[in-house]
Amino acid sequence: MQVFVYKNAEEVARAAATVFAAEIFKKPDCVLGLATGSTPVPLYKELARMNHEGLIDFSRVRTYNLDEYVGLDPAHVCSYRRFMNENLFDHINIDKANTHVPCGIGADHEADAKAYDAAVEAAGGIDLQLLGIGHNGHIGFNEPNDVFVYPTNVITLTQSTIDANARFFDSADDVPRQAISLGVGGIMNARRVVLLATGEGKAKAIRDSIKGNIDPKVPASILRAHQNVQFFLDEGAASLL
Ligand code: F6R
C-alpha cells in the first residue's frame, strides 16, 4: 500500500487524473471501476477537461460503477446512473453502451448481482478501481460487518450512511434503505485500486483503515492485503495518521 498526501482536494484530483490518464494511454480499452459521491467530482471534472483538450480518449474505455440504490430508476435525480451521466459521461467522448451501473430496479436483485459480477469478469476484470470511503470505513456500499462479503450483493445501509447521503435527497427519510454493491471480492480483484479521501471528516476512517487491524468492521482495511493500492489523501483526511 502506498499513501500520498496532497495539500487539498484539487491537488488530489489532479494526481488521480494523471493515474487514470496513464491507464487509458497504456490500454485504450481499459476497464475502469468508478465511484459516485462528492469525493470524485473534482477528478471527473479534471478528466473531462483533459478529454476536451484532446489529452485522453475515452472512445474505447469501458466502465463499471460500484453501486446503485435499490428502488431508484436510472432517471431518478438521485440515482447513481444519473450522477455518472451528469458528472462524467455526458462530458467525455465515452460510448454510453460501454458504461455500466448496477440495476437497482430489477425483479430479482440477487440474479442481477450475480450477472454484474459475471459481466465484470467477461470484460476481463477491472484494470483500475476508483474508491471513495465512507465515514464508517465503507467501500462501495460494503458496510461494516462481521465478515467481508465478496460477491456483488444487496446491502442494507447503516444509519451512518443514510445520514451521510441524506444531503443528496430532500430528507433522510427519502434515502433508499438498500443498495446493490460490487462486493469486497470484486474490488480486491481489480488490478489496481486508487482510493481518494478528502476532508477531516474522513480522517478517522482513514486512520482505522491504514493503522488498525484488517477487520470487516472497517471494510476499507482489507485494501492493505491488495498488491497494488494507493491512497490519495488531502491534509485533512491524513490528519490522524
Ligand atoms: C459511492 C461509493 C461510496 C462513496 C463513499 C464516500 O459510489 O461507493 O463508497 O465513495 O460513501 O462518499 P463521499 O465521496 O460523498 O464522501
# chains A, B, ... in the order shown; residues from 1 in each chain; ligands from 1

$ select_by_dssp --residues "chain A" --states "strand (DSSP E)" --output "PyMOL selection string"
chain A and resi 2-6+31-34+62-65+67-69+99-100+128-131+153-156+178-181+192-197+229-234

$ residues_around --residues "region 130-138 of chain A" --least-positions-apart "5" --cutoff "9 Å" --atoms "only C-alpha atoms" --output "PDB file with all heavy atoms, in the first residue's frame"
ATOM      1  N   LEU A  32     -12.489   0.540 -16.312  1.00  0.00           N
ATOM      2  CA  LEU A  32     -12.374   1.367 -15.108  1.00  0.00           C
ATOM      3  C   LEU A  32     -13.522   1.042 -14.163  1.00  0.00           C
ATOM      4  O   LEU A  32     -14.676   0.923 -14.588  1.00  0.00           O
ATOM      5  CB  LEU A  32     -12.441   2.855 -15.477  1.00  0.00           C
ATOM      6  CG  LEU A  32     -11.389   3.373 -16.462  1.00  0.00           C
ATOM      7  CD1 LEU A  32     -11.610   4.865 -16.733  1.00  0.00           C
ATOM      8  CD2 LEU A  32      -9.975   3.128 -15.925  1.00  0.00           C
ATOM      9  N   GLY A  33     -13.224   0.914 -12.888  1.00  0.00           N
ATOM     10  CA  GLY A  33     -14.244   0.801 -11.863  1.00  0.00           C
ATOM     11  C   GLY A  33     -14.452   2.194 -11.293  1.00  0.00           C
ATOM     12  O   GLY A  33     -13.483   2.837 -10.885  1.00  0.00           O
ATOM     13  N   LEU A  34     -15.687   2.667 -11.301  1.00  0.00           N
ATOM     14  CA  LEU A  34     -15.923   4.063 -10.912  1.00  0.00           C
ATOM     15  C   LEU A  34     -16.826   4.182  -9.685  1.00  0.00           C
ATOM     16  O   LEU A  34     -17.584   3.264  -9.362  1.00  0.00           O
ATOM     17  CB  LEU A  34     -16.533   4.833 -12.088  1.00  0.00           C
ATOM     18  CG  LEU A  34     -15.629   4.928 -13.323  1.00  0.00           C
ATOM     19  CD1 LEU A  34     -16.337   5.676 -14.446  1.00  0.00           C
ATOM     20  CD2 LEU A  34     -14.289   5.581 -13.001  1.00  0.00           C
ATOM     21  N   ALA A  35     -16.705   5.330  -9.033  1.00  0.00           N
ATOM     22  CA  ALA A  35     -17.448   5.595  -7.794  1.00  0.00           C
ATOM     23  C   ALA A  35     -18.262   6.873  -7.952  1.00  0.00           C
ATOM     24  O   ALA A  35     -17.945   7.728  -8.784  1.00  0.00           O
ATOM     25  CB  ALA A  35     -16.456   5.758  -6.637  1.00  0.00           C
ATOM     26  N   THR A  36     -19.280   6.995  -7.123  1.00  0.00           N
ATOM     27  CA  THR A  36     -20.054   8.243  -7.065  1.00  0.00           C
ATOM     28  C   THR A  36     -19.710   8.955  -5.752  1.00  0.00           C
ATOM     29  O   THR A  36     -18.702   8.645  -5.123  1.00  0.00           O
ATOM     30  CB  THR A  36     -21.562   7.947  -7.147  1.00  0.00           C
ATOM     31  OG1 THR A  36     -21.884   7.093  -6.047  1.00  0.00           O
ATOM     32  CG2 THR A  36     -21.910   7.265  -8.464  1.00  0.00           C
ATOM     33  N   GLY A  37     -20.555   9.911  -5.348  1.00  0.00           N
ATOM     34  CA  GLY A  37     -20.298  10.670  -4.122  1.00  0.00           C
ATOM     35  C   GLY A  37     -19.579  11.973  -4.453  1.00  0.00           C
ATOM     36  O   GLY A  37     -19.232  12.238  -5.607  1.00  0.00           O
ATOM     37  N   SER A  38     -19.336  12.755  -3.421  1.00  0.00           N
ATOM     38  CA  SER A  38     -18.726  14.081  -3.622  1.00  0.00           C
ATOM     39  C   SER A  38     -17.245  13.988  -3.956  1.00  0.00           C
ATOM     40  O   SER A  38     -16.725  14.808  -4.713  1.00  0.00           O
ATOM     41  CB  SER A  38     -18.868  14.921  -2.354  1.00  0.00           C
ATOM     42  OG  SER A  38     -20.214  15.015  -1.993  1.00  0.00           O
ATOM     43  N   THR A  39     -16.555  13.019  -3.375  1.00  0.00           N
ATOM     44  CA  THR A  39     -15.093  13.000  -3.478  1.00  0.00           C
ATOM     45  C   THR A  39     -14.572  12.941  -4.914  1.00  0.00           C
ATOM     46  O   THR A  39     -13.651  13.684  -5.258  1.00  0.00           O
ATOM     47  CB  THR A  39     -14.521  11.831  -2.647  1.00  0.00           C
ATOM     48  OG1 THR A  39     -15.105  11.882  -1.332  1.00  0.00           O
ATOM     49  CG2 THR A  39     -13.004  11.923  -2.539  1.00  0.00           C
ATOM     50  N   PRO A  40     -15.137  12.094  -5.788  1.00  0.00           N
ATOM     51  CA  PRO A  40     -14.537  12.008  -7.133  1.00  0.00           C
ATOM     52  C   PRO A  40     -14.943  13.137  -8.075  1.00  0.00           C
ATOM     53  O   PRO A  40     -14.416  13.199  -9.195  1.00  0.00           O
ATOM     54  CB  PRO A  40     -15.043  10.655  -7.659  1.00  0.00           C
ATOM     55  CG  PRO A  40     -16.252  10.339  -6.888  1.00  0.00           C
ATOM     56  CD  PRO A  40     -16.169  11.067  -5.589  1.00  0.00           C
ATOM     57  N   LEU A  66     -19.531   1.120  -8.984  1.00  0.00           N
ATOM     58  CA  LEU A  66     -19.563   0.301  -7.780  1.00  0.00           C
ATOM     59  C   LEU A  66     -20.972  -0.066  -7.335  1.00  0.00           C
ATOM     60  O   LEU A  66     -21.205  -1.163  -6.850  1.00  0.00           O
ATOM     61  CB  LEU A  66     -18.923   1.079  -6.618  1.00  0.00           C
ATOM     62  CG  LEU A  66     -17.411   1.140  -6.552  1.00  0.00           C
ATOM     63  CD1 LEU A  66     -16.981   2.228  -5.573  1.00  0.00           C
ATOM     64  CD2 LEU A  66     -16.858  -0.219  -6.127  1.00  0.00           C
ATOM     65  N   GLU A 143     -20.761  -2.168   3.894  1.00  0.00           N
ATOM     66  CA  GLU A 143     -20.834  -1.554   5.214  1.00  0.00           C
ATOM     67  C   GLU A 143     -20.078  -2.402   6.253  1.00  0.00           C
ATOM     68  O   GLU A 143     -19.818  -3.588   6.025  1.00  0.00           O
ATOM     69  CB  GLU A 143     -22.304  -1.445   5.634  1.00  0.00           C
ATOM     70  CG  GLU A 143     -23.160  -0.549   4.732  1.00  0.00           C
ATOM     71  CD  GLU A 143     -22.956   0.940   4.984  1.00  0.00           C
ATOM     72  OE1 GLU A 143     -21.808   1.387   5.193  1.00  0.00           O
ATOM     73  OE2 GLU A 143     -23.958   1.672   4.956  1.00  0.00           O
ATOM     74  N   PRO A 144     -19.721  -1.795   7.405  1.00  0.00           N
ATOM     75  CA  PRO A 144     -19.102  -2.563   8.487  1.00  0.00           C
ATOM     76  C   PRO A 144     -19.954  -3.802   8.809  1.00  0.00           C
ATOM     77  O   PRO A 144     -21.176  -3.715   8.865  1.00  0.00           O
ATOM     78  CB  PRO A 144     -19.103  -1.582   9.660  1.00  0.00           C
ATOM     79  CG  PRO A 144     -19.071  -0.237   9.004  1.00  0.00           C
ATOM     80  CD  PRO A 144     -19.888  -0.381   7.746  1.00  0.00           C
ATOM     81  N   SER A 160     -25.445   5.533   9.603  1.00  0.00           N
ATOM     82  CA  SER A 160     -24.363   6.485   9.316  1.00  0.00           C
ATOM     83  C   SER A 160     -24.335   6.823   7.825  1.00  0.00           C
ATOM     84  O   SER A 160     -24.183   7.986   7.436  1.00  0.00           O
ATOM     85  CB  SER A 160     -23.027   5.872   9.779  1.00  0.00           C
ATOM     86  OG  SER A 160     -21.953   6.286   8.989  1.00  0.00           O
ATOM     87  N   THR A 161     -24.519   5.823   6.971  1.00  0.00           N
ATOM     88  CA  THR A 161     -24.511   6.058   5.516  1.00  0.00           C
ATOM     89  C   THR A 161     -25.769   6.801   5.084  1.00  0.00           C
ATOM     90  O   THR A 161     -25.710   7.715   4.255  1.00  0.00           O
ATOM     91  CB  THR A 161     -24.364   4.705   4.785  1.00  0.00           C
ATOM     92  OG1 THR A 161     -23.097   4.141   5.165  1.00  0.00           O
ATOM     93  CG2 THR A 161     -24.415   4.870   3.286  1.00  0.00           C
ATOM     94  N   ALA A 164     -25.240  10.334   6.051  1.00  0.00           N
ATOM     95  CA  ALA A 164     -24.232  10.999   5.217  1.00  0.00           C
ATOM     96  C   ALA A 164     -24.787  11.314   3.831  1.00  0.00           C
ATOM     97  O   ALA A 164     -24.445  12.338   3.234  1.00  0.00           O
ATOM     98  CB  ALA A 164     -22.987  10.112   5.106  1.00  0.00           C
ATOM     99  N   ILE A 187     -13.794  -5.708  -5.721  1.00  0.00           N
ATOM    100  CA  ILE A 187     -12.835  -4.616  -5.515  1.00  0.00           C
ATOM    101  C   ILE A 187     -11.417  -5.175  -5.411  1.00  0.00           C
ATOM    102  O   ILE A 187     -10.484  -4.688  -6.055  1.00  0.00           O
ATOM    103  CB  ILE A 187     -13.219  -3.803  -4.256  1.00  0.00           C
ATOM    104  CG1 ILE A 187     -14.551  -3.078  -4.489  1.00  0.00           C
ATOM    105  CG2 ILE A 187     -12.099  -2.833  -3.878  1.00  0.00           C
ATOM    106  CD1 ILE A 187     -15.167  -2.452  -3.257  1.00  0.00           C
ATOM    107  N   ARG A 192      -5.553  -2.686 -10.048  1.00  0.00           N
ATOM    108  CA  ARG A 192      -5.011  -1.564  -9.283  1.00  0.00           C
ATOM    109  C   ARG A 192      -6.182  -0.834  -8.636  1.00  0.00           C
ATOM    110  O   ARG A 192      -7.254  -0.712  -9.246  1.00  0.00           O
ATOM    111  CB  ARG A 192      -4.249  -0.617 -10.224  1.00  0.00           C
ATOM    112  CG  ARG A 192      -3.644   0.568  -9.514  1.00  0.00           C
ATOM    113  CD  ARG A 192      -2.779   1.396 -10.439  1.00  0.00           C
ATOM    114  NE  ARG A 192      -2.193   2.501  -9.703  1.00  0.00           N
ATOM    115  CZ  ARG A 192      -1.427   3.427 -10.256  1.00  0.00           C
ATOM    116  NH1 ARG A 192      -1.134   3.395 -11.544  1.00  0.00           N
ATOM    117  NH2 ARG A 192      -0.925   4.401  -9.518  1.00  0.00           N
ATOM    118  N   VAL A 193      -5.977  -0.336  -7.420  1.00  0.00           N
ATOM    119  CA  VAL A 193      -7.028   0.375  -6.695  1.00  0.00           C
ATOM    120  C   VAL A 193      -6.484   1.730  -6.255  1.00  0.00           C
ATOM    121  O   VAL A 193      -5.388   1.821  -5.691  1.00  0.00           O
ATOM    122  CB  VAL A 193      -7.485  -0.415  -5.439  1.00  0.00           C
ATOM    123  CG1 VAL A 193      -8.543   0.375  -4.670  1.00  0.00           C
ATOM    124  CG2 VAL A 193      -8.022  -1.794  -5.821  1.00  0.00           C
ATOM    125  N   VAL A 194      -7.254   2.774  -6.527  1.00  0.00           N
ATOM    126  CA  VAL A 194      -6.898   4.114  -6.060  1.00  0.00           C
ATOM    127  C   VAL A 194      -8.058   4.623  -5.212  1.00  0.00           C
ATOM    128  O   VAL A 194      -9.190   4.728  -5.697  1.00  0.00           O
ATOM    129  CB  VAL A 194      -6.642   5.065  -7.257  1.00  0.00           C
ATOM    130  CG1 VAL A 194      -6.558   6.505  -6.787  1.00  0.00           C
ATOM    131  CG2 VAL A 194      -5.351   4.673  -7.979  1.00  0.00           C
ATOM    132  N   LEU A 195      -7.777   4.872  -3.930  1.00  0.00           N
ATOM    133  CA  LEU A 195      -8.807   5.386  -3.021  1.00  0.00           C
ATOM    134  C   LEU A 195      -8.535   6.858  -2.774  1.00  0.00           C
ATOM    135  O   LEU A 195      -7.403   7.245  -2.452  1.00  0.00           O
ATOM    136  CB  LEU A 195      -8.786   4.596  -1.704  1.00  0.00           C
ATOM    137  CG  LEU A 195      -9.847   4.990  -0.668  1.00  0.00           C
ATOM    138  CD1 LEU A 195     -10.306   3.757   0.132  1.00  0.00           C
ATOM    139  CD2 LEU A 195      -9.377   6.069   0.300  1.00  0.00           C
ATOM    140  N   LEU A 196      -9.562   7.676  -2.931  1.00  0.00           N
ATOM    141  CA  LEU A 196      -9.441   9.109  -2.659  1.00  0.00           C
ATOM    142  C   LEU A 196     -10.192   9.444  -1.384  1.00  0.00           C
ATOM    143  O   LEU A 196     -11.304   8.949  -1.159  1.00  0.00           O
ATOM    144  CB  LEU A 196     -10.071   9.940  -3.790  1.00  0.00           C
ATOM    145  CG  LEU A 196      -9.688   9.629  -5.237  1.00  0.00           C
ATOM    146  CD1 LEU A 196     -10.336  10.665  -6.172  1.00  0.00           C
ATOM    147  CD2 LEU A 196      -8.189   9.607  -5.413  1.00  0.00           C
ATOM    148  N   ALA A 197      -9.599  10.287  -0.545  1.00  0.00           N
ATOM    149  CA  ALA A 197     -10.316  10.776   0.637  1.00  0.00           C
ATOM    150  C   ALA A 197      -9.888  12.210   0.891  1.00  0.00           C
ATOM    151  O   ALA A 197      -8.685  12.514   0.885  1.00  0.00           O
ATOM    152  CB  ALA A 197     -10.034   9.907   1.853  1.00  0.00           C
ATOM    153  N   GLY A 201     -13.336  15.017   7.955  1.00  0.00           N
ATOM    154  CA  GLY A 201     -14.406  14.069   8.276  1.00  0.00           C
ATOM    155  C   GLY A 201     -14.025  12.631   7.954  1.00  0.00           C
ATOM    156  O   GLY A 201     -14.618  11.693   8.492  1.00  0.00           O
ATOM    157  N   LYS A 202     -13.059  12.447   7.075  1.00  0.00           N
ATOM    158  CA  LYS A 202     -12.652  11.096   6.685  1.00  0.00           C
ATOM    159  C   LYS A 202     -11.415  10.625   7.462  1.00  0.00           C
ATOM    160  O   LYS A 202     -10.952   9.493   7.267  1.00  0.00           O
ATOM    161  CB  LYS A 202     -12.363  11.036   5.179  1.00  0.00           C
ATOM    162  CG  LYS A 202     -13.564  11.363   4.293  1.00  0.00           C
ATOM    163  CD  LYS A 202     -14.630  10.272   4.368  1.00  0.00           C
ATOM    164  CE  LYS A 202     -15.917  10.637   3.674  1.00  0.00           C
ATOM    165  NZ  LYS A 202     -15.807  10.755   2.250  1.00  0.00           N
ATOM    166  N   ALA A 203     -10.877  11.501   8.322  1.00  0.00           N
ATOM    167  CA  ALA A 203      -9.587  11.187   8.964  1.00  0.00           C
ATOM    168  C   ALA A 203      -9.647   9.910   9.807  1.00  0.00           C
ATOM    169  O   ALA A 203      -8.731   9.082   9.785  1.00  0.00           O
ATOM    170  CB  ALA A 203      -9.126  12.371   9.807  1.00  0.00           C
ATOM    171  N   LYS A 204     -10.736   9.728  10.548  1.00  0.00           N
ATOM    172  CA  LYS A 204     -10.813   8.550  11.422  1.00  0.00           C
ATOM    173  C   LYS A 204     -10.919   7.267  10.582  1.00  0.00           C
ATOM    174  O   LYS A 204     -10.230   6.271  10.865  1.00  0.00           O
ATOM    175  CB  LYS A 204     -12.008   8.676  12.375  1.00  0.00           C
ATOM    176  CG  LYS A 204     -12.087   7.539  13.351  1.00  0.00           C
ATOM    177  CD  LYS A 204     -13.221   7.709  14.344  1.00  0.00           C
ATOM    178  CE  LYS A 204     -13.317   6.512  15.292  1.00  0.00           C
ATOM    179  NZ  LYS A 204     -13.329   5.207  14.646  1.00  0.00           N
ATOM    180  N   ALA A 205     -11.761   7.308   9.543  1.00  0.00           N
ATOM    181  CA  ALA A 205     -11.908   6.117   8.688  1.00  0.00           C
ATOM    182  C   ALA A 205     -10.568   5.774   8.036  1.00  0.00           C
ATOM    183  O   ALA A 205     -10.203   4.596   7.926  1.00  0.00           O
ATOM    184  CB  ALA A 205     -12.981   6.362   7.629  1.00  0.00           C
ATOM    185  N   ILE A 206      -9.828   6.802   7.638  1.00  0.00           N
ATOM    186  CA  ILE A 206      -8.523   6.566   7.012  1.00  0.00           C
ATOM    187  C   ILE A 206      -7.550   5.991   8.040  1.00  0.00           C
ATOM    188  O   ILE A 206      -6.847   5.003   7.766  1.00  0.00           O
ATOM    189  CB  ILE A 206      -7.981   7.884   6.398  1.00  0.00           C
ATOM    190  CG1 ILE A 206      -8.796   8.246   5.153  1.00  0.00           C
ATOM    191  CG2 ILE A 206      -6.493   7.796   6.084  1.00  0.00           C
ATOM    192  CD1 ILE A 206      -8.675   7.254   4.001  1.00  0.00           C
ATOM    193  N   ASP A 208      -8.233   4.292  10.772  1.00  0.00           N
ATOM    194  CA  ASP A 208      -8.627   2.923  11.131  1.00  0.00           C
ATOM    195  C   ASP A 208      -8.305   1.944   9.997  1.00  0.00           C
ATOM    196  O   ASP A 208      -7.949   0.793  10.248  1.00  0.00           O
ATOM    197  CB  ASP A 208     -10.124   2.862  11.450  1.00  0.00           C
ATOM    198  CG  ASP A 208     -10.456   3.623  12.725  1.00  0.00           C
ATOM    199  OD1 ASP A 208      -9.514   4.013  13.447  1.00  0.00           O
ATOM    200  OD2 ASP A 208     -11.658   3.843  12.988  1.00  0.00           O
ATOM    201  N   SER A 209      -8.436   2.420   8.750  1.00  0.00           N
ATOM    202  CA  SER A 209      -8.168   1.532   7.598  1.00  0.00           C
ATOM    203  C   SER A 209      -6.692   1.217   7.469  1.00  0.00           C
ATOM    204  O   SER A 209      -6.315   0.099   7.110  1.00  0.00           O
ATOM    205  CB  SER A 209      -8.631   2.180   6.293  1.00  0.00           C
ATOM    206  OG  SER A 209      -9.975   2.525   6.375  1.00  0.00           O
ATOM    207  N   LYS A 217     -15.186  -4.837  10.251  1.00  0.00           N
ATOM    208  CA  LYS A 217     -15.892  -3.688  10.864  1.00  0.00           C
ATOM    209  C   LYS A 217     -15.380  -2.377  10.243  1.00  0.00           C
ATOM    210  O   LYS A 217     -15.988  -1.328  10.405  1.00  0.00           O
ATOM    211  CB  LYS A 217     -15.651  -3.682  12.375  1.00  0.00           C
ATOM    212  CG  LYS A 217     -16.228  -4.890  13.083  1.00  0.00           C
ATOM    213  CD  LYS A 217     -17.381  -4.473  13.960  1.00  0.00           C
ATOM    214  CE  LYS A 217     -18.201  -5.567  14.584  1.00  0.00           C
ATOM    215  NZ  LYS A 217     -18.290  -6.866  14.002  1.00  0.00           N
ATOM    216  N   VAL A 218     -14.224  -2.445   9.592  1.00  0.00           N
ATOM    217  CA  VAL A 218     -13.669  -1.305   8.843  1.00  0.00           C
ATOM    218  C   VAL A 218     -13.381  -1.836   7.430  1.00  0.00           C
ATOM    219  O   VAL A 218     -12.249  -2.236   7.123  1.00  0.00           O
ATOM    220  CB  VAL A 218     -12.374  -0.768   9.495  1.00  0.00           C
ATOM    221  CG1 VAL A 218     -11.878   0.472   8.742  1.00  0.00           C
ATOM    222  CG2 VAL A 218     -12.574  -0.465  10.971  1.00  0.00           C
ATOM    223  N   PRO A 219     -14.404  -1.873   6.581  1.00  0.00           N
ATOM    224  CA  PRO A 219     -14.239  -2.586   5.298  1.00  0.00           C
ATOM    225  C   PRO A 219     -13.011  -2.156   4.489  1.00  0.00           C
ATOM    226  O   PRO A 219     -12.355  -3.006   3.870  1.00  0.00           O
ATOM    227  CB  PRO A 219     -15.550  -2.258   4.573  1.00  0.00           C
ATOM    228  CG  PRO A 219     -16.535  -2.074   5.682  1.00  0.00           C
ATOM    229  CD  PRO A 219     -15.784  -1.399   6.789  1.00  0.00           C
ATOM    230  N   ALA A 220     -12.652  -0.878   4.508  1.00  0.00           N
ATOM    231  CA  ALA A 220     -11.508  -0.438   3.685  1.00  0.00           C
ATOM    232  C   ALA A 220     -10.189  -1.032   4.176  1.00  0.00           C
ATOM    233  O   ALA A 220      -9.198  -1.025   3.436  1.00  0.00           O
ATOM    234  CB  ALA A 220     -11.417   1.086   3.680  1.00  0.00           C
ATOM    235  N   SER A 221     -10.166  -1.573   5.390  1.00  0.00           N
ATOM    236  CA  SER A 221      -8.910  -2.134   5.910  1.00  0.00           C
ATOM    237  C   SER A 221      -8.442  -3.326   5.071  1.00  0.00           C
ATOM    238  O   SER A 221      -7.254  -3.629   5.030  1.00  0.00           O
ATOM    239  CB  SER A 221      -9.057  -2.538   7.382  1.00  0.00           C
ATOM    240  OG  SER A 221     -10.009  -3.579   7.514  1.00  0.00           O
TER     241      SER A 221
END

$ residues_around --residues "Lys26 (chain A)" --least-positions-apart "2" --cutoff "12 Å" --atoms "only C-alpha atoms" --output "VMD selection string"
chain A and resid 19 to 24 28 to 31 56 to 57 61 127 to 128

$ closest_residue --among "A:Phe58, A:Glu235, A:Arg177, A:Thr63" --to "Asp163 (chain A)" --atoms "only C-alpha atoms"
A:Arg177

$ closest_residue --among "A:Phe25, A:Tyr116, A:Tyr150, A:Tyr69" --to "ligand 1" --atoms "only C-alpha atoms and all ligand atoms"
A:Tyr69

$ closest_residue --among "A:Tyr64, A:Phe4, A:Phe141, A:Phe232" --to "ligand 1" --atoms "only C-alpha atoms and all ligand atoms"
A:Phe141

$ closest_residue --among "A:Glu11, A:Glu46, A:Glu68, A:Asp95" --to "ligand 1" --atoms "only C-alpha atoms and all ligand atoms"
A:Glu68

$ residues_around --residues "Ile92 (chain A)" --least-positions-apart "2" --cutoff "8 Å" --atoms "only C-alpha atoms" --output "VMD selection string"
chain A and resid 48 51 to 52 58 88 to 90 94

$ write_last_selection --atoms "N, CA, C and O atoms" --output "mmCIF file, in the first residue's frame"
data_model
loop_
_atom_site.group_PDB
_atom_site.id
_atom_site.type_symbol
_atom_site.label_atom_id
_atom_site.label_comp_id
_atom_site.auth_asym_id
_atom_site.auth_seq_id
_atom_site.Cartn_x
_atom_site.Cartn_y
_atom_site.Cartn_z
ATOM 1 N N ALA A 48 -12.672 15.325 -17.623
ATOM 2 C CA ALA A 48 -13.439 15.946 -18.715
ATOM 3 C C ALA A 48 -12.595 17.039 -19.377
ATOM 4 O O ALA A 48 -12.570 17.158 -20.608
ATOM 5 N N ASN A 51 -10.041 15.419 -21.532
ATOM 6 C CA ASN A 51 -10.680 14.869 -22.734
ATOM 7 C C ASN A 51 -10.973 15.996 -23.741
ATOM 8 O O ASN A 51 -10.673 15.867 -24.933
ATOM 9 N N HIS A 52 -11.487 17.131 -23.258
ATOM 10 C CA HIS A 52 -11.784 18.266 -24.160
ATOM 11 C C HIS A 52 -10.520 18.770 -24.822
ATOM 12 O O HIS A 52 -10.544 19.195 -25.980
ATOM 13 N N PHE A 58 -11.679 8.591 -24.477
ATOM 14 C CA PHE A 58 -12.496 7.587 -23.785
ATOM 15 C C PHE A 58 -13.280 6.696 -24.759
ATOM 16 O O PHE A 58 -14.107 5.908 -24.312
ATOM 17 N N LEU A 88 -19.871 12.914 -15.341
ATOM 18 C CA LEU A 88 -18.754 12.463 -16.177
ATOM 19 C C LEU A 88 -19.173 12.099 -17.602
ATOM 20 O O LEU A 88 -18.697 12.718 -18.563
ATOM 21 N N PHE A 89 -20.051 11.123 -17.743
ATOM 22 C CA PHE A 89 -20.252 10.528 -19.068
ATOM 23 C C PHE A 89 -20.768 11.535 -20.107
ATOM 24 O O PHE A 89 -20.403 11.448 -21.279
ATOM 25 N N ASP A 90 -21.613 12.504 -19.664
ATOM 26 C CA ASP A 90 -22.127 13.497 -20.625
ATOM 27 C C ASP A 90 -21.041 14.464 -21.073
ATOM 28 O O ASP A 90 -21.270 15.261 -21.986
ATOM 29 N N ILE A 94 -17.139 9.146 -24.247
ATOM 30 C CA ILE A 94 -17.323 7.712 -23.987
ATOM 31 C C ILE A 94 -18.595 7.241 -24.693
ATOM 32 O O ILE A 94 -19.537 8.034 -24.872
#

$ select_by_dssp --residues "region 49-224 of chain A" --states "helix (DSSP H, G or I)" --output "MDAnalysis selection string"
chainID A and resid 49:52 80:87 89:91 96:98 109:122 159:168 172:174 184:188 200:211 219:224

$ residues_around --residues "Ala166 (chain A)" --least-positions-apart "6" --cutoff "10 Å" --atoms "only C-alpha atoms" --output "count of residues only"
6

$ closest_residue --among "A:Met1, A:Ile210, A:Leu55, A:Ile139" --to "ligand 1" --atoms "only C-alpha atoms and all ligand atoms"
A:Ile139

$ residues_around --residues "region 70-77 of chain A" --least-positions-apart "5" --cutoff "12 Å" --atoms "only C-alpha atoms" --output "JSON, numbers by chain"
{"A": [82, 83, 84, 85, 86, 100, 101, 102, 103, 104, 105, 106, 107, 108, 109, 110, 112, 113, 141, 153, 154, 155, 156, 157, 168, 169, 170, 174, 175, 176, 177, 178, 179, 180, 181]}

$ closest_residue --among "A:Tyr6, A:Phe148, A:Tyr44, A:Tyr80" --to "ligand 1" --atoms "only C-alpha atoms and all ligand atoms"
A:Tyr80
